[in-house]
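Okay, protein.cif is below, mmCIF, C-alpha atoms:
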```cif
data_start
loop_
_atom_site.label_atom_id
_atom_site.label_comp_id
_atom_site.auth_asym_id
_atom_site.auth_seq_id
_atom_site.Cartn_x
_atom_site.Cartn_y
_atom_site.Cartn_z
CA MET A 1 -13.29 -20.48 -6.90
CA LYS A 2 -12.69 -24.17 -6.39
CA LYS A 3 -9.84 -24.09 -8.87
CA LEU A 4 -8.29 -21.33 -6.79
CA SER A 5 -8.69 -23.40 -3.62
CA LEU A 6 -6.97 -26.30 -5.35
CA LEU A 7 -4.04 -24.10 -6.33
CA LEU A 8 -3.79 -22.95 -2.71
CA PHE A 9 -3.91 -26.60 -1.63
CA MET A 10 -0.89 -27.22 -3.85
CA GLY A 11 0.85 -24.04 -2.79
CA ILE A 12 0.96 -24.77 0.96
CA ILE A 13 2.97 -27.95 0.43
CA ALA A 14 6.26 -26.14 -0.25
CA THR A 15 7.41 -22.62 -0.98
CA SER A 16 10.91 -22.66 -2.48
CA LEU A 17 11.79 -23.41 -6.12
CA PHE A 18 14.71 -25.36 -7.52
CA ALA A 19 16.34 -23.05 -10.05
CA GLN A 20 19.72 -24.38 -11.16
CA SER A 21 20.85 -27.88 -12.01
CA SER A 22 24.03 -27.49 -9.97
CA GLU A 23 22.15 -27.00 -6.71
CA SER A 24 21.52 -29.70 -4.20
CA LEU A 25 18.04 -31.16 -4.33
CA ASP A 26 16.25 -32.09 -1.15
CA LEU A 27 12.84 -33.73 -1.02
CA GLU A 28 10.97 -30.49 -0.38
CA LYS A 29 12.45 -28.89 -3.52
CA ALA A 30 11.71 -31.99 -5.56
CA ILE A 31 8.06 -31.93 -4.48
CA THR A 32 7.82 -28.22 -5.25
CA ILE A 33 9.14 -28.75 -8.76
CA GLY A 34 6.76 -31.64 -9.33
CA LEU A 35 3.73 -29.66 -8.21
CA GLU A 36 4.80 -26.77 -10.41
CA LYS A 37 5.62 -28.72 -13.57
CA ASN A 38 3.96 -32.16 -13.47
CA LEU A 39 1.61 -32.42 -16.45
CA ASP A 40 -0.83 -34.81 -14.77
CA ILE A 41 -1.52 -32.10 -12.20
CA LYS A 42 -1.91 -29.44 -14.88
CA ILE A 43 -4.43 -31.64 -16.72
CA ALA A 44 -6.35 -32.28 -13.50
CA VAL A 45 -6.51 -28.57 -12.66
CA GLU A 46 -7.81 -27.73 -16.14
CA THR A 47 -10.44 -30.45 -15.76
CA VAL A 48 -11.63 -28.76 -12.57
CA ASP A 49 -11.89 -25.51 -14.52
CA ILE A 50 -14.08 -27.20 -17.15
CA GLN A 51 -16.38 -28.69 -14.54
CA GLU A 52 -16.71 -25.37 -12.70
CA ARG A 53 -17.68 -23.74 -15.98
CA ASN A 54 -20.26 -26.47 -16.59
CA GLU A 55 -21.71 -25.80 -13.15
CA ARG A 56 -21.99 -22.06 -13.80
CA ILE A 57 -23.55 -22.62 -17.21
CA GLY A 58 -25.96 -25.09 -15.66
CA GLN A 59 -27.18 -22.40 -13.29
CA GLY A 60 -28.00 -20.23 -16.28
CA ASP A 61 -29.74 -23.07 -18.10
CA TYR A 62 -32.05 -23.97 -15.23
CA LEU A 63 -32.56 -20.78 -13.21
CA MET A 64 -32.34 -17.88 -15.66
CA PRO A 65 -34.93 -16.92 -18.26
CA ILE A 66 -34.23 -16.85 -21.97
CA VAL A 67 -34.51 -13.38 -23.51
CA ASP A 68 -34.42 -12.81 -27.28
CA ALA A 69 -34.53 -9.45 -29.07
CA THR A 70 -35.45 -9.21 -32.76
CA TYR A 71 -35.43 -6.16 -35.00
CA THR A 72 -36.61 -6.34 -38.64
CA ARG A 73 -37.04 -3.85 -41.49
CA ASN A 74 -38.80 -4.67 -44.76
CA TYR A 75 -39.20 -2.63 -47.97
CA SER A 76 -41.22 -3.33 -51.11
CA ILE A 77 -41.92 -1.60 -54.48
CA GLU A 78 -44.95 -3.04 -56.36
CA ASP A 79 -47.42 -2.19 -59.13
CA VAL A 80 -50.86 -2.37 -57.50
CA GLU A 81 -54.31 -2.61 -59.10
CA GLN A 82 -57.20 -2.32 -56.63
CA LEU A 83 -60.96 -2.70 -57.20
CA PHE A 84 -63.27 -1.40 -54.49
CA ALA A 85 -66.97 -2.14 -53.99
CA THR A 86 -67.73 1.57 -53.82
CA ASN A 87 -66.01 2.36 -57.10
CA PRO A 88 -66.36 0.19 -60.21
CA GLU A 89 -63.28 1.77 -61.74
CA PRO A 90 -60.01 0.01 -60.78
CA ASN A 91 -57.39 1.96 -58.90
CA THR A 92 -53.94 1.50 -60.37
CA ILE A 93 -50.76 2.55 -58.59
CA ASP A 94 -47.37 2.08 -60.19
CA ASP A 95 -44.30 1.65 -58.03
CA ALA A 96 -46.31 1.64 -54.82
CA ARG A 97 -43.93 1.61 -51.89
CA SER A 98 -44.44 -0.01 -48.50
CA ARG A 99 -42.20 -0.04 -45.44
CA SER A 100 -42.40 -1.90 -42.17
CA LYS A 101 -40.25 -2.16 -39.08
CA ASN A 102 -40.65 -4.36 -36.04
CA LEU A 103 -38.84 -4.59 -32.70
CA SER A 104 -39.71 -7.33 -30.24
CA ILE A 105 -38.21 -8.48 -26.96
CA VAL A 106 -39.38 -11.91 -25.83
CA GLY A 107 -38.64 -13.53 -22.46
CA ILE A 108 -39.37 -17.17 -21.68
CA TYR A 109 -38.95 -18.81 -18.31
CA GLY A 110 -39.58 -22.48 -17.84
CA PHE A 111 -39.56 -23.81 -14.29
CA ARG A 112 -38.74 -27.50 -14.10
CA PRO A 113 -39.14 -29.10 -10.66
CA GLU A 114 -35.87 -31.03 -11.05
CA SER A 115 -33.81 -27.87 -11.69
CA PHE A 116 -32.45 -27.53 -8.17
CA ILE A 117 -31.57 -31.22 -8.06
CA VAL A 118 -29.66 -30.88 -11.33
CA LEU A 119 -27.71 -27.93 -9.96
CA LYS A 120 -26.86 -29.87 -6.82
CA ARG A 121 -25.69 -32.80 -8.94
CA LEU A 122 -23.47 -30.46 -11.00
CA GLY A 123 -22.00 -29.16 -7.75
CA VAL A 124 -21.17 -32.70 -6.61
CA LEU A 125 -19.54 -33.40 -9.99
CA THR A 126 -17.38 -30.32 -9.47
CA GLU A 127 -16.36 -31.66 -6.06
CA ILE A 128 -15.42 -34.97 -7.69
CA SER A 129 -13.23 -33.22 -10.27
CA GLU A 130 -11.52 -31.26 -7.49
CA LEU A 131 -10.92 -34.45 -5.52
CA ASP A 132 -9.53 -36.08 -8.67
CA ALA A 133 -7.07 -33.21 -8.94
CA LYS A 134 -6.06 -33.65 -5.31
CA VAL A 135 -5.53 -37.36 -5.96
CA ALA A 136 -3.18 -36.38 -8.78
CA VAL A 137 -1.34 -34.03 -6.41
CA GLU A 138 -1.02 -36.66 -3.69
CA ASN A 139 0.09 -39.35 -6.14
CA THR A 140 2.70 -36.99 -7.54
CA VAL A 141 4.03 -36.22 -4.07
CA ALA A 142 4.14 -39.93 -3.22
CA ASN A 143 5.82 -40.84 -6.51
CA ILE A 144 8.40 -38.08 -6.16
CA SER A 145 9.15 -39.12 -2.58
CA SER A 146 9.55 -42.76 -3.56
CA ALA A 147 11.71 -41.95 -6.60
CA TYR A 148 13.83 -39.55 -4.56
CA TYR A 149 14.55 -42.11 -1.85
CA ARG A 150 15.14 -44.77 -4.50
CA LEU A 151 17.90 -42.56 -5.90
CA VAL A 152 19.33 -42.11 -2.41
CA LEU A 153 19.25 -45.88 -1.93
CA GLU A 154 21.10 -46.51 -5.19
CA LEU A 155 23.73 -43.90 -4.26
CA GLN A 156 24.20 -45.64 -0.92
CA ARG A 157 24.56 -48.97 -2.71
CA GLN A 158 27.21 -47.36 -4.89
CA LYS A 159 29.20 -46.40 -1.79
CA VAL A 160 28.88 -49.94 -0.50
CA LEU A 161 30.24 -51.28 -3.78
CA GLU A 162 33.06 -48.71 -3.70
CA ARG A 163 34.11 -49.94 -0.26
CA THR A 164 33.82 -53.52 -1.44
CA LEU A 165 36.07 -52.68 -4.37
CA GLU A 166 38.58 -51.12 -1.96
CA LEU A 167 38.71 -54.37 -0.01
CA SER A 168 39.14 -56.31 -3.23
CA GLN A 169 41.96 -53.95 -4.23
CA ALA A 170 43.63 -54.52 -0.86
CA ARG A 171 43.27 -58.28 -1.25
CA LEU A 172 44.65 -58.08 -4.82
CA ASN A 173 47.66 -56.08 -3.61
CA ILE A 174 48.37 -58.60 -0.86
CA ALA A 175 47.96 -61.54 -3.24
CA GLU A 176 50.25 -59.86 -5.77
CA ALA A 177 52.90 -59.20 -3.13
CA GLN A 178 52.69 -62.74 -1.80
CA TYR A 179 52.97 -64.13 -5.31
CA SER A 180 55.95 -61.93 -6.09
CA LEU A 181 57.71 -63.09 -2.92
CA GLY A 182 56.83 -66.69 -3.58
CA GLY A 183 54.59 -66.95 -0.55
CA ALA A 184 51.49 -67.84 -2.57
CA GLY A 185 50.65 -69.47 -5.84
CA LYS A 186 49.65 -67.70 -9.02
CA ARG A 187 46.15 -69.18 -8.72
CA ASP A 188 45.43 -67.12 -5.58
CA TYR A 189 46.63 -63.99 -7.32
CA LEU A 190 44.54 -64.65 -10.42
CA THR A 191 41.49 -65.43 -8.28
CA ALA A 192 41.92 -62.14 -6.43
CA GLU A 193 42.16 -60.35 -9.78
CA VAL A 194 38.97 -62.05 -11.03
CA ASP A 195 37.09 -61.06 -7.87
CA TYR A 196 38.37 -57.48 -8.21
CA ASN A 197 37.14 -57.30 -11.80
CA SER A 198 33.80 -58.78 -10.76
CA ASP A 199 33.37 -56.09 -8.07
CA LEU A 200 34.43 -53.41 -10.54
CA SER A 201 31.80 -54.64 -12.98
CA LEU A 202 29.13 -54.40 -10.27
CA LEU A 203 30.20 -50.84 -9.52
CA LEU A 204 30.06 -49.83 -13.18
CA GLY A 205 26.62 -51.42 -13.52
CA GLN A 206 25.45 -49.51 -10.46
CA GLU A 207 26.31 -46.27 -12.23
CA GLN A 208 23.74 -47.13 -14.90
CA VAL A 209 21.15 -47.88 -12.23
CA ILE A 210 21.80 -44.47 -10.66
CA GLN A 211 21.46 -42.66 -13.97
CA ASN A 212 18.14 -44.39 -14.65
CA SER A 213 16.95 -43.49 -11.16
CA ARG A 214 17.80 -39.85 -11.91
CA VAL A 215 15.89 -40.05 -15.17
CA ASN A 216 12.85 -41.52 -13.37
CA LEU A 217 12.88 -38.72 -10.80
CA ASN A 218 13.30 -36.06 -13.51
CA GLU A 219 10.40 -37.56 -15.45
CA ILE A 220 8.03 -37.22 -12.51
CA MET A 221 9.21 -33.65 -11.94
CA ALA A 222 8.80 -32.94 -15.69
CA LEU A 223 12.47 -32.00 -16.07
CA ASN A 224 14.94 -32.90 -18.79
CA PRO A 225 16.28 -36.45 -18.42
CA ASP A 226 19.89 -35.21 -18.31
CA MET A 227 19.27 -32.76 -15.45
CA GLN A 228 21.96 -33.33 -12.79
CA PHE A 229 21.73 -32.49 -9.08
CA GLU A 230 23.08 -33.55 -5.76
CA VAL A 231 20.73 -35.29 -3.32
CA ASN A 232 21.01 -35.88 0.39
CA ASP A 233 22.66 -39.18 1.33
CA THR A 234 20.29 -39.91 4.21
CA ILE A 235 16.90 -41.56 4.41
CA THR A 236 14.64 -40.03 7.03
CA VAL A 237 12.21 -42.34 8.77
CA GLY A 238 9.21 -40.70 10.36
CA GLU A 239 7.69 -41.12 13.79
CA PRO A 240 6.04 -44.47 14.60
CA MET A 241 2.69 -44.98 12.90
CA PHE A 242 -0.33 -46.72 14.42
CA LEU A 243 -2.79 -48.84 12.51
CA GLU A 244 -5.95 -47.54 14.20
CA ASP A 245 -5.04 -43.92 13.49
CA LEU A 246 -4.23 -44.69 9.86
CA VAL A 247 -7.55 -46.46 9.25
CA GLU A 248 -9.57 -43.78 11.01
CA ASN A 249 -7.90 -40.97 9.09
CA ALA A 250 -8.22 -42.82 5.78
CA PHE A 251 -12.02 -42.87 5.95
CA LEU A 252 -11.95 -39.12 6.57
CA GLU A 253 -9.19 -37.93 4.24
CA ASN A 254 -8.51 -40.52 1.52
CA LYS A 255 -9.51 -38.65 -1.63
CA ALA A 256 -10.23 -41.73 -3.73
CA TYR A 257 -12.62 -42.98 -1.04
CA LEU A 258 -14.32 -39.58 -0.88
CA ILE A 259 -14.76 -39.74 -4.66
CA THR A 260 -16.63 -43.06 -4.41
CA GLN A 261 -18.91 -41.49 -1.80
CA ARG A 262 -19.59 -38.50 -4.05
CA GLN A 263 -20.31 -40.83 -6.96
CA GLU A 264 -22.91 -42.61 -4.84
CA ASN A 265 -24.44 -39.22 -4.07
CA VAL A 266 -24.53 -38.41 -7.80
CA ALA A 267 -26.39 -41.67 -8.48
CA TYR A 268 -28.92 -40.81 -5.77
CA LEU A 269 -29.45 -37.31 -7.21
CA GLU A 270 -29.89 -38.72 -10.72
CA LEU A 271 -32.63 -41.04 -9.44
CA LYS A 272 -34.30 -38.20 -7.56
CA GLU A 273 -34.05 -35.99 -10.64
CA LEU A 274 -35.88 -38.56 -12.76
CA ARG A 275 -38.61 -39.04 -10.19
CA VAL A 276 -39.24 -35.32 -9.83
CA SER A 277 -39.43 -34.94 -13.60
CA ARG A 278 -42.91 -36.49 -13.41
CA LEU A 279 -44.17 -33.20 -11.94
CA PRO A 280 -45.68 -30.50 -14.16
CA VAL A 281 -43.47 -27.96 -15.90
CA ILE A 282 -44.48 -24.32 -15.67
CA ASN A 283 -43.62 -22.06 -18.61
CA LEU A 284 -44.00 -18.29 -18.43
CA ASN A 285 -43.56 -15.92 -21.35
CA GLY A 286 -43.72 -12.20 -21.93
CA SER A 287 -42.89 -9.89 -24.79
CA TRP A 288 -42.81 -6.25 -25.72
CA ALA A 289 -43.16 -5.30 -29.38
CA THR A 290 -43.42 -2.22 -31.53
CA ASN A 291 -44.51 -2.47 -35.17
CA THR A 292 -44.84 0.28 -37.81
CA LEU A 293 -46.30 -0.18 -41.32
CA ASN A 294 -46.35 2.48 -44.07
CA SER A 295 -47.96 1.80 -47.45
CA ASP A 296 -48.76 3.84 -50.58
CA ALA A 297 -51.60 1.52 -51.54
CA GLY A 298 -54.92 0.75 -49.86
CA PHE A 299 -57.06 2.55 -47.32
CA LEU A 300 -54.52 1.95 -44.53
CA LEU A 301 -51.59 4.19 -45.21
CA GLN A 302 -49.93 3.78 -41.81
CA ASN A 303 -50.35 1.32 -38.95
CA GLN A 304 -48.36 1.45 -35.70
CA ARG A 305 -48.66 -0.89 -32.71
CA GLU A 306 -46.76 -1.05 -29.45
CA GLY A 307 -47.38 -2.99 -26.24
CA PHE A 308 -46.85 -6.01 -24.00
CA ASN A 309 -47.94 -9.59 -24.35
CA TYR A 310 -47.68 -12.17 -21.61
CA GLY A 311 -48.93 -15.60 -20.71
CA GLY A 312 -47.97 -19.04 -19.56
CA ASN A 313 -48.76 -22.71 -19.63
CA VAL A 314 -48.48 -25.82 -17.52
CA ALA A 315 -47.18 -28.97 -19.23
CA LEU A 316 -47.47 -32.48 -17.87
CA ASN A 317 -46.22 -35.58 -19.59
CA VAL A 318 -49.00 -38.15 -19.60
CA PHE A 319 -47.39 -41.02 -21.48
CA ASN A 320 -44.01 -41.48 -23.17
CA GLY A 321 -43.96 -45.20 -23.86
CA PHE A 322 -42.66 -46.12 -20.37
CA THR A 323 -39.30 -44.50 -21.21
CA LEU A 324 -39.20 -42.61 -17.92
CA ASN A 325 -40.06 -45.75 -15.96
CA ARG A 326 -37.19 -47.59 -17.61
CA ARG A 327 -34.76 -44.76 -16.85
CA ILE A 328 -35.90 -44.68 -13.21
CA GLN A 329 -35.39 -48.42 -12.85
CA ASN A 330 -31.92 -48.15 -14.39
CA ALA A 331 -31.09 -45.29 -12.03
CA LYS A 332 -32.11 -47.45 -9.05
CA VAL A 333 -29.74 -50.17 -10.24
CA GLN A 334 -26.96 -47.62 -10.74
CA GLN A 335 -27.47 -46.33 -7.22
CA ARG A 336 -27.12 -49.86 -5.83
CA ILE A 337 -23.97 -50.36 -7.92
CA GLN A 338 -22.43 -47.19 -6.50
CA SER A 339 -23.37 -48.28 -2.99
CA TYR A 340 -21.60 -51.58 -3.59
CA ALA A 341 -18.62 -49.66 -4.98
CA VAL A 342 -18.34 -47.66 -1.74
CA ASP A 343 -18.47 -50.86 0.33
CA GLN A 344 -15.94 -52.52 -1.95
CA TYR A 345 -13.55 -49.59 -1.73
CA GLU A 346 -13.84 -49.59 2.05
CA ILE A 347 -12.74 -53.22 2.06
CA GLN A 348 -9.94 -52.53 -0.40
CA LEU A 349 -8.73 -49.45 1.46
CA ARG A 350 -8.70 -51.22 4.80
CA SER A 351 -6.87 -54.19 3.26
CA ASP A 352 -4.31 -51.98 1.52
CA ILE A 353 -3.55 -50.21 4.80
CA HIS A 354 -3.20 -53.51 6.66
CA ARG A 355 -0.87 -54.94 4.01
CA ALA A 356 1.31 -51.84 3.94
CA PHE A 357 1.33 -51.66 7.74
CA ASN A 358 2.35 -55.32 8.03
CA THR A 359 5.28 -54.68 5.69
CA TYR A 360 6.12 -51.50 7.57
CA THR A 361 6.08 -53.29 10.95
CA THR A 362 8.13 -56.22 9.65
CA ASN A 363 10.83 -53.94 8.28
CA LYS A 364 10.89 -51.93 11.50
CA ASN A 365 11.52 -55.17 13.39
CA LEU A 366 14.12 -56.27 10.86
CA LEU A 367 16.02 -53.00 11.13
CA GLU A 368 17.62 -53.81 14.49
CA VAL A 369 18.44 -57.30 13.30
CA GLU A 370 20.11 -55.93 10.18
CA ARG A 371 22.06 -53.39 12.23
CA LYS A 372 23.48 -56.12 14.45
CA ASN A 373 24.14 -58.35 11.46
CA TYR A 374 26.04 -55.55 9.73
CA ALA A 375 28.18 -54.92 12.83
CA VAL A 376 29.06 -58.61 13.00
CA ALA A 377 29.80 -58.83 9.28
CA LYS A 378 31.97 -55.71 9.42
CA GLU A 379 34.04 -57.04 12.33
CA SER A 380 34.34 -60.43 10.63
CA SER A 381 35.56 -58.78 7.43
CA GLU A 382 38.19 -56.78 9.29
CA ILE A 383 39.46 -59.92 11.04
CA ALA A 384 39.49 -61.85 7.77
CA LEU A 385 41.48 -59.10 6.05
CA GLU A 386 44.06 -59.04 8.83
CA ARG A 387 44.35 -62.83 8.83
CA PHE A 388 44.76 -62.74 5.07
CA ARG A 389 47.58 -60.18 5.42
CA LEU A 390 49.30 -62.46 7.91
CA GLY A 391 48.88 -65.42 5.60
CA ILE A 392 46.87 -67.51 8.08
CA ALA A 393 43.55 -67.25 6.18
CA SER A 394 42.76 -68.47 2.71
CA TYR A 395 41.45 -66.28 -0.04
CA LEU A 396 38.14 -68.17 0.15
CA GLU A 397 37.74 -67.26 3.82
CA PHE A 398 38.45 -63.61 3.09
CA ARG A 399 36.15 -63.52 0.06
CA ASP A 400 33.37 -65.13 2.05
CA ALA A 401 33.69 -62.48 4.77
CA GLN A 402 33.78 -59.77 2.08
CA VAL A 403 30.60 -61.04 0.40
CA ASN A 404 28.88 -61.32 3.78
CA LEU A 405 29.72 -57.69 4.50
CA LEU A 406 28.39 -56.58 1.12
CA THR A 407 25.17 -58.53 1.68
CA ALA A 408 24.75 -57.19 5.22
CA GLU A 409 25.23 -53.57 4.11
CA ASN A 410 22.77 -53.97 1.25
CA ARG A 411 20.19 -55.58 3.50
CA LEU A 412 20.57 -52.82 6.08
CA ILE A 413 20.09 -49.90 3.70
CA THR A 414 17.34 -51.77 1.82
CA SER A 415 15.51 -52.34 5.09
CA ILE A 416 15.64 -48.60 5.84
CA PHE A 417 14.39 -47.81 2.32
CA ASN A 418 11.55 -50.32 2.65
CA ILE A 419 10.44 -48.68 5.88
CA LYS A 420 10.39 -45.30 4.19
CA GLU A 421 8.59 -46.60 1.11
CA GLN A 422 5.82 -48.18 3.20
CA GLU A 423 5.64 -45.04 5.32
CA ILE A 424 5.00 -43.01 2.15
CA GLU A 425 2.34 -45.47 1.02
CA LEU A 426 0.62 -45.46 4.42
CA ARG A 427 0.56 -41.68 4.45
CA ARG A 428 -0.89 -41.63 0.95
CA LEU A 429 -3.59 -44.16 1.81
CA SER A 430 -4.51 -42.34 5.02
CA GLY A 431 -4.59 -38.92 3.36
CA LYS A 432 -1.61 -37.68 5.40
CA ILE A 433 0.96 -37.53 2.62
CA PHE A 434 1.87 -33.92 3.42
CA PHE A 435 2.68 -34.58 7.05
CA GLN A 436 6.37 -35.49 7.14
CA ASN A 437 7.13 -35.49 10.87
CA SER A 438 10.54 -37.08 11.25
CA SER A 439 12.27 -38.51 14.26
CA GLU A 440 15.11 -40.72 13.01
CA HIS A 441 17.85 -40.17 10.44
CA PHE A 442 19.67 -43.15 8.97
CA GLU A 443 22.90 -42.64 7.08
CA LEU A 444 25.03 -44.98 5.08
CA PRO A 445 27.18 -47.11 7.40
CA SER A 446 30.70 -45.69 7.55
CA GLU A 447 34.05 -47.32 7.83
CA ASP A 448 34.47 -46.22 11.45
#
```
As C-alpha cells:
Amino acid sequence: MKKLSLLLFMGIIATSLFAQSSESLDLEKAITIGLEKNLDIKIAVETVDIQERNERIGQGDYLMPIVDATYTRNYSIEDVEQLFATNPEPNTIDDARSRSKNLSIVGIYGFRPESFIVLKRLGVLTEISELDAKVAVENTVANISSAYYRLVLELQRQKVLERTLELSQARLNIAEAQYSLGGAGKRDYLTAEVDYNSDLSLLLGQEQVIQNSRVNLNEIMALNPDMQFEVNDTITVGEPMFLEDLVENAFLENKAYLITQRQENVAYLELKELRVSRLPVINLNGSWATNTLNSDAGFLLQNQREGFNYGGNVALNVFNGFTLNRRIQNAKVQQRIQSYAVDQYEIQLRSDIHRAFNTYTTNKNLLEVERKNYAVAKESSEIALERFRLGIASYLEFRDAQVNLLTAENRLITSIFNIKEQEIELRRLSGKIFFQNSSEHFELPSED
C-alpha cells in the first residue's frame, strides 16, 4: 500500500512523456523522464517493497499461531515368537503384519509482551524506507533541474561567443581593408586575425562543454548519452523566497530530517522492546490427533484413538548472564546518539538553508548590477566598433571593449543561473521542490 502511495507521489509531479529525440525538451518533460527511468528511484521503490513485505511477515511471526499438520503411515512384516504366562508353549507367527496410521494437527501460540512494540518498530522502518525513496525522487528532480538549466546556460554562453566572434570577424574585415588600402600596418591586421582565431577556439571549446552537459542530463534521465533534443533558451526564476518560510517548511517537509526523527523513534522502540522482554512469555498449545494400529501378533489386534490435547505454559527468564542488561544499556546509549543526530541535523539543515539563502539573496542583488553593467558594456562596444571603422580608435581599445562585453554578458547570464540553482537547492532543502511558481523569465541578451 505504501509502495502504491509512493508511486502516486511520483505520478503527480508530471503527466506527459518525452517520446522522440527530435522533440523539444522542457523541464517538465525532463523530470517526467527521470522519474520514469532513473535507476536510483527504481532501487528505492523496490527497497520499500522489501520493507513492506518484512512488516507483513512480522505480523505473522508475532501475532499468528503456528499450525503444523503431520500424517504418517507405517508398515511392518516380522516373524514373531511370543511366550505367555498362561501358556507354557511359545506362540510363533511367521510374516506377522502390522499397520499404523497417524494424523495430527498441532497449533502453538506464544504471546510475547514485546510483540506489539516490534510490529510498531517494523512500521516505522517501513516509513523510513518510504521517506528514503522520496529523498531519491526529490534529489532526482533537483539534479535534473540543475542539469537542465546548466545546459541552457552553456547554450546561452555559446550564443554570446557567437556574437563575440561576429564582432571579431567585423574587426578582422576592417583591419584587412585598412591594410589593403595602406591605412594600417600589417601588425594590426595580424593581431585582429589572432584575436579572431582565439574567439573561434573558445566557440569550438564551448561546443564540447555543451555536449558534455547534454550527456550529464541524459545520464540523470537514464537515456542514451547521444540522445539529442532541443531545450528552451530561457531560465525561469521563481517568485521571491523568504528565509522564515523556508526554515519553517523544512522542519515539516524535509524528508532527510523526517528520517532522522523516525530513526530516533526506532531507537526508543528498541529500548522499550528490550525492557518489556523481561515480562513472562505465555505459550498455548493444542492438537487434534487420530491414530490407528492393526497387528497380527499379540492380544491387541487393533487400537484406534482420536481426540484433542491442549495446554500451556508461562516462561520467565530468571538469569541470562546479564546479557539483557547489557543490551538495554547499549540501547539507551543508541537512543541518546539518535537524539544527538536529530539535533545535529537541525543545526545542519538550518545552516544549509541560511548559506543557500545568502547566496540566493546576493545573486538577486547582483542581477540588477549585472544588467546595468551589460547595457554599459554593450553601448561601449558599439561605440568602439564605430570608432574603429572610422580609424580614430586603436585595435587595443576595440578589443578591450569587446572583452568587456563578453565578460558582462557571461556575468549576467551566470548570475541568473546562480539564482535559479540556489532556488532549486532552497526548494529541495525546504521540501518544496515540486512547487515551481514562476514570476520572471530571463532570456539571453539580444543584439537589439
Check: Do you know which residues are at most 8 Å from region 410-423 of chain A counting all atoms listed in the file, after dropping those on the same chain fewer than 3 positions away, and could you put them as a list in words?
Finding: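 Residues near the query, excluding close chain neighbours: Ser146, Tyr149, Arg150, Leu153, Gln156, Arg157, Val160, Ile235, Thr236, Val237, Gly238, Ala356, Phe357, Thr359, Tyr360, Asn363, Lys364, Leu366, Leu367, Glu370, Arg371, Tyr374, Leu406, Thr407, Leu426, Arg427, Phe442 and Leu444 of chain A.
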Next item on the list: Find the residues around Leu167 (chain A) up to 9 Å (only C-alpha atoms counted), leave out those fewer than 3 positions away in its own chain, and share them as a ChimeraX atom specification.
Entry: /A:162-164,170-172,196,385,402
Next item on the list: State, in Å with one decimal place, the distance from CA of Thr126 (chain A) to CA of Tyr257 (chain A).
Entry: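 Result for CA of Thr126 (chain A) versus CA of Tyr257 (chain A): 15.9 Å, one decimal.
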List as a tab-separated table every residue of region 186-263 of chain A that is in contact with region 30-47 of chain A, defined as an atom at most 12 Å from one of its atoms (using all atoms listed in the file), together with the nearest atom pair and the distance in Å rounded to one decimal, sorted by chain and then rising number.
```
residue	atom	partner	partner_atom	distance
A:Arg214	CA	A:Ala30	CA	11.8
A:Leu217	CA	A:Ala30	CA	8.6
A:Asn218	CA	A:Gly34	CA	8.9
A:Glu219	CA	A:Asn38	CA	8.6
A:Ile220	CA	A:Gly34	CA	6.5
A:Met221	CA	A:Gly34	CA	4.1
A:Ala222	CA	A:Asn38	CA	5.4
A:Leu223	CA	A:Lys37	CA	8.0
A:Asn224	CA	A:Lys37	CA	11.5
A:Phe229	CA	A:Ala30	CA	10.6
A:Glu230	CA	A:Ala30	CA	11.5
A:Val231	CA	A:Ala30	CA	9.9
A:Asn232	CA	A:Ala30	CA	11.7
```
Next item on the list: State, in Å with one decimal place, the distance from CA of Thr234 (chain A) to CA of Glu409 (chain A).
Entry: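 Going from CA of Thr234 (chain A) over to CA of Glu409 (chain A) covers 14.5 Å.
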Next item on the list: Please write as an MDAnalysis selection string the full residue list that the PyMOL selection byres ((chain A and resi 263-273) around 8) yields on this file.
Entry: chainID A and resid 114 117:118 120:121 124:125 128 259:262 274:277 328 331:332 334:335 338:339 342
Item checked: One-decimal distance in Å that lies between CA of Ile282 (chain A) and CA of Phe111 (chain A) ->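 So the two atoms, CA of Phe111 (chain A) and CA of Ile282 (chain A), lie 5.1 Å apart.
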What lies within 9 Å of region 242-256 of chain A using all atoms listed in the file, ignoring chain neighbours under 5 positions off, as a CSV table (one decimal) with C-alpha atoms, in the coordinates of the input?
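Result file selection_12.csv:
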```
chain,number,residue,atom,x,y,z
A,131,LEU,CA,-10.9,-34.4,-5.5
A,132,ASP,CA,-9.5,-36.1,-8.7
A,134,LYS,CA,-6.1,-33.6,-5.3
A,135,VAL,CA,-5.5,-37.4,-6.0
A,138,GLU,CA,-1.0,-36.7,-3.7
A,261,GLN,CA,-18.9,-41.5,-1.8
A,345,TYR,CA,-13.6,-49.6,-1.7
A,346,GLU,CA,-13.8,-49.6,2.0
A,349,LEU,CA,-8.7,-49.4,1.5
A,350,ARG,CA,-8.7,-51.2,4.8
A,353,ILE,CA,-3.6,-50.2,4.8
A,354,HIS,CA,-3.2,-53.5,6.7
A,357,PHE,CA,1.3,-51.7,7.7
A,426,LEU,CA,0.6,-45.5,4.4
A,427,ARG,CA,0.6,-41.7,4.4
A,428,ARG,CA,-0.9,-41.6,1.0
A,429,LEU,CA,-3.6,-44.2,1.8
A,430,SER,CA,-4.5,-42.3,5.0
A,431,GLY,CA,-4.6,-38.9,3.4
A,432,LYS,CA,-1.6,-37.7,5.4
```
Checklist line | Exercise: region 305-308 of chain A partners within 8 Å, only C-alpha atoms, chain neighbours under 6 positions left out, as an NGL selection string | finding: :A and (286-292)
Deliver the residues from the most recent selection as a file, using C-alpha atoms, as a PDB file, keeping the file's coordinate frame.
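Result file is selection21.pdb:
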```pdb
ATOM      1  CA  GLY A 286     -43.720 -12.200 -21.930  1.00  0.00           C
ATOM      2  CA  SER A 287     -42.890  -9.890 -24.790  1.00  0.00           C
ATOM      3  CA  TRP A 288     -42.810  -6.250 -25.720  1.00  0.00           C
ATOM      4  CA  ALA A 289     -43.160  -5.300 -29.380  1.00  0.00           C
ATOM      5  CA  THR A 290     -43.420  -2.220 -31.530  1.00  0.00           C
ATOM      6  CA  ASN A 291     -44.510  -2.470 -35.170  1.00  0.00           C
ATOM      7  CA  THR A 292     -44.840   0.280 -37.810  1.00  0.00           C
TER       8      THR A 292
END
```
Note to self: Which residue is closest to Arg99 (chain A)? Choose from A:Ser381, A:Asn87, A:Asn143, A:Gln304 and count all atoms listed in the file.
What the structure shows: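 With all atoms listed in the file as the atom set, the closest residue is A:Gln304.
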Check: So what does the PyMOL selection byres ((chain A and resi 316) around 8) actually pick up in this one, as a list of chain:residue names?
Finding: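 Answer for the PyMOL selection byres ((chain A and resi 316) around 8): A:Arg278, A:Leu279, A:Pro280, A:Val281, A:Val314, A:Ala315, A:Asn317, A:Val318.
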